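S.K.: Structure provided below as structure tokens; questions to follow.
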Amino acid sequence: MLQRFDELDGDHYEILTRAAEALAGKHPLAATLALRSMIDFSLSNSRSSRYRHAARHLLDCSSLASAIADFGRFEPHDAFEARLRREHARKSSFWSLID
């Protein structure tokens with residue numbers, strides 16, 4: 001998953017949610033990337049019906065971050081969330097679920 005992250009389609013939430021749950025224990029970075037793809041899809045496509053799930057995924061990413069020693073070529077969690085806040089600042093219905 002790490003090598004092909006750019007190919008993940010965050011619209012496939014049924015598969016990616018289960019994959020993230022299965023990967024979280026031993027592969028927290030891979031789990032995080034699956035979650036991020038769903039978050040990015042939901043926000044980039046203004047899928048407000050998915051914002052509650054995306055908010056939960058972002059909180060899960062925050063929890064997983066402490067188990068990731070090296071994010072490699074990927075943004076650390078704080079940078080990822082800061083970018084989301086910049087790019088999607090006007091999506092108050094999403095941020096109200098986080099803040």
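Within each chain, counting starts at residue 1; across the structure tokens, chains are named A, B, ... in the order shown, with ligands numbered 1 upward in that order.
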Please give the complete set of residues from chain A that DSSP, run on the backbone, assigns to alpha helix (DSSP H), formatted as a ChimeraX atom specification.
M.R.: /A:13-23,28-44,51-65,77-87,92-98
S.K.: Taking 3 positions as the minimum chain separation for residues in the same chain, which residues sit within 8 Å of range 72-77 of chain A when counting only C-alpha atoms? Answer as a PyMOL selection string.
M.R.: chain A and resi 61-62+65+80-81
S.K.: Selection from above, N, CA and C atoms, as a CSV table (one decimal), in the first residue's frame, can you write it?
M.R.:
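Result written to result_25.csv:
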```csv
chain,number,residue,atom,x,y,z
A,61,CYS,N,-6.5,8.7,12.8
A,61,CYS,CA,-5.2,9.0,12.3
A,61,CYS,C,-4.4,9.6,13.4
A,62,SER,N,-5.0,10.5,14.1
A,62,SER,CA,-4.3,11.1,15.2
A,62,SER,C,-3.8,10.1,16.3
A,65,ALA,N,-0.9,8.0,14.9
A,65,ALA,CA,0.4,8.8,14.7
A,65,ALA,C,1.4,8.4,15.7
A,80,PHE,N,-0.4,16.9,7.9
A,80,PHE,CA,-1.6,16.5,7.2
A,80,PHE,C,-2.8,17.3,7.6
A,81,GLU,N,-3.1,17.3,8.9
A,81,GLU,CA,-4.2,18.0,9.5
A,81,GLU,C,-4.1,19.5,9.2
```
S.K.: Counting only C-alpha atoms, what is within 10 Å of His53 in chain A, bar same-chain residues fewer than 5 positions away, as a list of chain:residue names?
M.R.: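 So, after excluding close chain neighbours, the residues are A:Tyr13, A:Thr17, A:Leu35, A:Met38, A:Ile39, A:Ser42, A:Ser48, A:Leu58, A:Leu59, A:Phe94, A:Leu97.
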S.K.: Just write the chosen residues, all heavy atoms, as a PDB file, in the first residue's frame.
M.R.:
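For reference, out-v3.pdb as written:
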```pdb
ATOM      1  N   TYR A  13     -14.950   3.191   0.399  1.00  0.00           N
ATOM      2  CA  TYR A  13     -14.889   3.218   1.858  1.00  0.00           C
ATOM      3  C   TYR A  13     -15.206   1.870   2.493  1.00  0.00           C
ATOM      4  O   TYR A  13     -14.719   1.569   3.565  1.00  0.00           O
ATOM      5  CB  TYR A  13     -15.790   4.314   2.421  1.00  0.00           C
ATOM      6  CG  TYR A  13     -17.241   4.209   2.042  1.00  0.00           C
ATOM      7  CD1 TYR A  13     -18.135   3.486   2.812  1.00  0.00           C
ATOM      8  CD2 TYR A  13     -17.720   4.824   0.898  1.00  0.00           C
ATOM      9  CE1 TYR A  13     -19.462   3.376   2.457  1.00  0.00           C
ATOM     10  CE2 TYR A  13     -19.047   4.733   0.534  1.00  0.00           C
ATOM     11  CZ  TYR A  13     -19.922   3.997   1.311  1.00  0.00           C
ATOM     12  OH  TYR A  13     -21.224   3.884   0.956  1.00  0.00           O
ATOM     13  N   THR A  17     -12.138   0.973   4.867  1.00  0.00           N
ATOM     14  CA  THR A  17     -12.384   1.000   6.310  1.00  0.00           C
ATOM     15  C   THR A  17     -11.951  -0.319   6.935  1.00  0.00           C
ATOM     16  O   THR A  17     -11.245  -0.338   7.948  1.00  0.00           O
ATOM     17  CB  THR A  17     -13.875   1.279   6.606  1.00  0.00           C
ATOM     18  OG1 THR A  17     -14.212   2.546   6.056  1.00  0.00           O
ATOM     19  CG2 THR A  17     -14.144   1.287   8.101  1.00  0.00           C
ATOM     20  N   LEU A  35      -7.032   5.542   5.667  1.00  0.00           N
ATOM     21  CA  LEU A  35      -7.949   6.514   6.272  1.00  0.00           C
ATOM     22  C   LEU A  35      -7.834   7.875   5.592  1.00  0.00           C
ATOM     23  O   LEU A  35      -8.842   8.533   5.305  1.00  0.00           O
ATOM     24  CB  LEU A  35      -7.672   6.641   7.771  1.00  0.00           C
ATOM     25  CG  LEU A  35      -7.949   5.396   8.610  1.00  0.00           C
ATOM     26  CD1 LEU A  35      -7.356   5.547  10.008  1.00  0.00           C
ATOM     27  CD2 LEU A  35      -9.440   5.112   8.670  1.00  0.00           C
ATOM     28  N   MET A  38      -9.730   8.234   2.339  1.00  0.00           N
ATOM     29  CA  MET A  38     -11.174   8.444   2.503  1.00  0.00           C
ATOM     30  C   MET A  38     -11.466   9.872   2.960  1.00  0.00           C
ATOM     31  O   MET A  38     -12.439  10.487   2.522  1.00  0.00           O
ATOM     32  CB  MET A  38     -11.739   7.420   3.484  1.00  0.00           C
ATOM     33  CG  MET A  38     -11.710   6.005   2.944  1.00  0.00           C
ATOM     34  SD  MET A  38     -12.486   4.814   4.038  1.00  0.00           S
ATOM     35  CE  MET A  38     -11.255   4.671   5.342  1.00  0.00           C
ATOM     36  N   ILE A  39     -10.623  10.401   3.837  1.00  0.00           N
ATOM     37  CA  ILE A  39     -10.789  11.781   4.305  1.00  0.00           C
ATOM     38  C   ILE A  39     -10.646  12.741   3.123  1.00  0.00           C
ATOM     39  O   ILE A  39     -11.490  13.611   2.902  1.00  0.00           O
ATOM     40  CB  ILE A  39      -9.748  12.122   5.399  1.00  0.00           C
ATOM     41  CG1 ILE A  39      -9.970  11.269   6.642  1.00  0.00           C
ATOM     42  CG2 ILE A  39      -9.789  13.618   5.731  1.00  0.00           C
ATOM     43  CD1 ILE A  39      -8.785  11.270   7.602  1.00  0.00           C
ATOM     44  N   SER A  42     -13.632  12.547   0.721  1.00  0.00           N
ATOM     45  CA  SER A  42     -14.843  13.170   1.275  1.00  0.00           C
ATOM     46  C   SER A  42     -14.772  14.690   1.229  1.00  0.00           C
ATOM     47  O   SER A  42     -15.734  15.354   0.828  1.00  0.00           O
ATOM     48  CB  SER A  42     -15.075  12.717   2.714  1.00  0.00           C
ATOM     49  OG  SER A  42     -15.283  11.331   2.757  1.00  0.00           O
ATOM     50  N   SER A  48     -20.676  15.760   2.075  1.00  0.00           N
ATOM     51  CA  SER A  48     -21.051  16.093   3.445  1.00  0.00           C
ATOM     52  C   SER A  48     -21.707  14.926   4.174  1.00  0.00           C
ATOM     53  O   SER A  48     -21.617  14.834   5.395  1.00  0.00           O
ATOM     54  CB  SER A  48     -21.955  17.322   3.473  1.00  0.00           C
ATOM     55  OG  SER A  48     -23.126  17.092   2.723  1.00  0.00           O
ATOM     56  N   LEU A  58     -10.143  10.953  10.840  1.00  0.00           N
ATOM     57  CA  LEU A  58      -9.075  11.891  11.196  1.00  0.00           C
ATOM     58  C   LEU A  58      -8.654  11.701  12.648  1.00  0.00           C
ATOM     59  O   LEU A  58      -7.459  11.725  12.968  1.00  0.00           O
ATOM     60  CB  LEU A  58      -9.516  13.330  10.940  1.00  0.00           C
ATOM     61  CG  LEU A  58      -8.439  14.392  11.133  1.00  0.00           C
ATOM     62  CD1 LEU A  58      -7.247  14.152  10.214  1.00  0.00           C
ATOM     63  CD2 LEU A  58      -9.018  15.782  10.894  1.00  0.00           C
ATOM     64  N   LEU A  59      -9.604  11.465  13.518  1.00  0.00           N
ATOM     65  CA  LEU A  59      -9.273  11.194  14.923  1.00  0.00           C
ATOM     66  C   LEU A  59      -8.509   9.875  15.051  1.00  0.00           C
ATOM     67  O   LEU A  59      -7.574   9.769  15.857  1.00  0.00           O
ATOM     68  CB  LEU A  59     -10.539  11.189  15.772  1.00  0.00           C
ATOM     69  CG  LEU A  59     -11.264  12.536  15.862  1.00  0.00           C
ATOM     70  CD1 LEU A  59     -12.598  12.377  16.586  1.00  0.00           C
ATOM     71  CD2 LEU A  59     -10.396  13.575  16.542  1.00  0.00           C
ATOM     72  N   PHE A  94     -17.745  19.979   8.722  1.00  0.00           N
ATOM     73  CA  PHE A  94     -16.748  18.946   9.010  1.00  0.00           C
ATOM     74  C   PHE A  94     -15.950  19.324  10.257  1.00  0.00           C
ATOM     75  O   PHE A  94     -15.821  18.532  11.190  1.00  0.00           O
ATOM     76  CB  PHE A  94     -15.801  18.742   7.825  1.00  0.00           C
ATOM     77  CG  PHE A  94     -14.657  17.831   8.147  1.00  0.00           C
ATOM     78  CD1 PHE A  94     -14.833  16.460   8.220  1.00  0.00           C
ATOM     79  CD2 PHE A  94     -13.383  18.340   8.391  1.00  0.00           C
ATOM     80  CE1 PHE A  94     -13.778  15.616   8.545  1.00  0.00           C
ATOM     81  CE2 PHE A  94     -12.324  17.508   8.699  1.00  0.00           C
ATOM     82  CZ  PHE A  94     -12.527  16.137   8.781  1.00  0.00           C
ATOM     83  N   LEU A  97     -17.187  18.852  13.773  1.00  0.00           N
ATOM     84  CA  LEU A  97     -17.128  17.493  14.305  1.00  0.00           C
ATOM     85  C   LEU A  97     -15.775  17.181  14.950  1.00  0.00           C
ATOM     86  O   LEU A  97     -15.664  16.262  15.764  1.00  0.00           O
ATOM     87  CB  LEU A  97     -17.412  16.463  13.194  1.00  0.00           C
ATOM     88  CG  LEU A  97     -18.781  16.561  12.539  1.00  0.00           C
ATOM     89  CD1 LEU A  97     -18.811  15.719  11.254  1.00  0.00           C
ATOM     90  CD2 LEU A  97     -19.862  16.122  13.501  1.00  0.00           C
TER      91      LEU A  97
END
```
S.K.: In terms of the shortest atom-to-atom distance over only C-alpha atoms, which of A:Glu21, A:Glu87, A:Asp99, A:Asp11 is closest to Phe41 in chain A?
M.R.: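 When distances to Phe41 in chain A are compared using only C-alpha atoms, the smallest one comes from A:Asp11.
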S.K.: Have a look at CA of Ala20 in chain A and CA of Ala34 in chain A and let me know their distance in Å, one decimal.
M.R.: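 Answer for the CA of Ala20 in chain A to CA of Ala34 in chain A separation: 5.8 Å.
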S.K.: Ranking A:Arg83, A:Arg47, A:Lys91, A:Arg36 by minimum distance to Asp60 in chain A and counting only C-alpha atoms, which one comes first?
M.R.: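 Checking each candidate against Asp60 in chain A, we get A:Arg36 as the closest.
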S.K.: Given the choices A:Leu64, A:Ala54, A:Leu43, A:Ile15, which gets closest to Ala30 in chain A if the distance is worked out from only C-alpha atoms?
M.R.: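 Among the listed residues, A:Leu64 lies closest to Ala30 in chain A.
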S.K.: Could you check the closest approach to Phe71 in chain A for each of A:Arg52, A:His27, A:Arg18, A:Arg90 and tell me which residue wins, using only C-alpha atoms?
M.R.: A:His27
S.K.: In Å, with one decimal, what is the gap from CA of His12 in chain A to CA of Asn45 in chain A?
M.R.: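 Here the two named atoms are 13.6 Å from each other.
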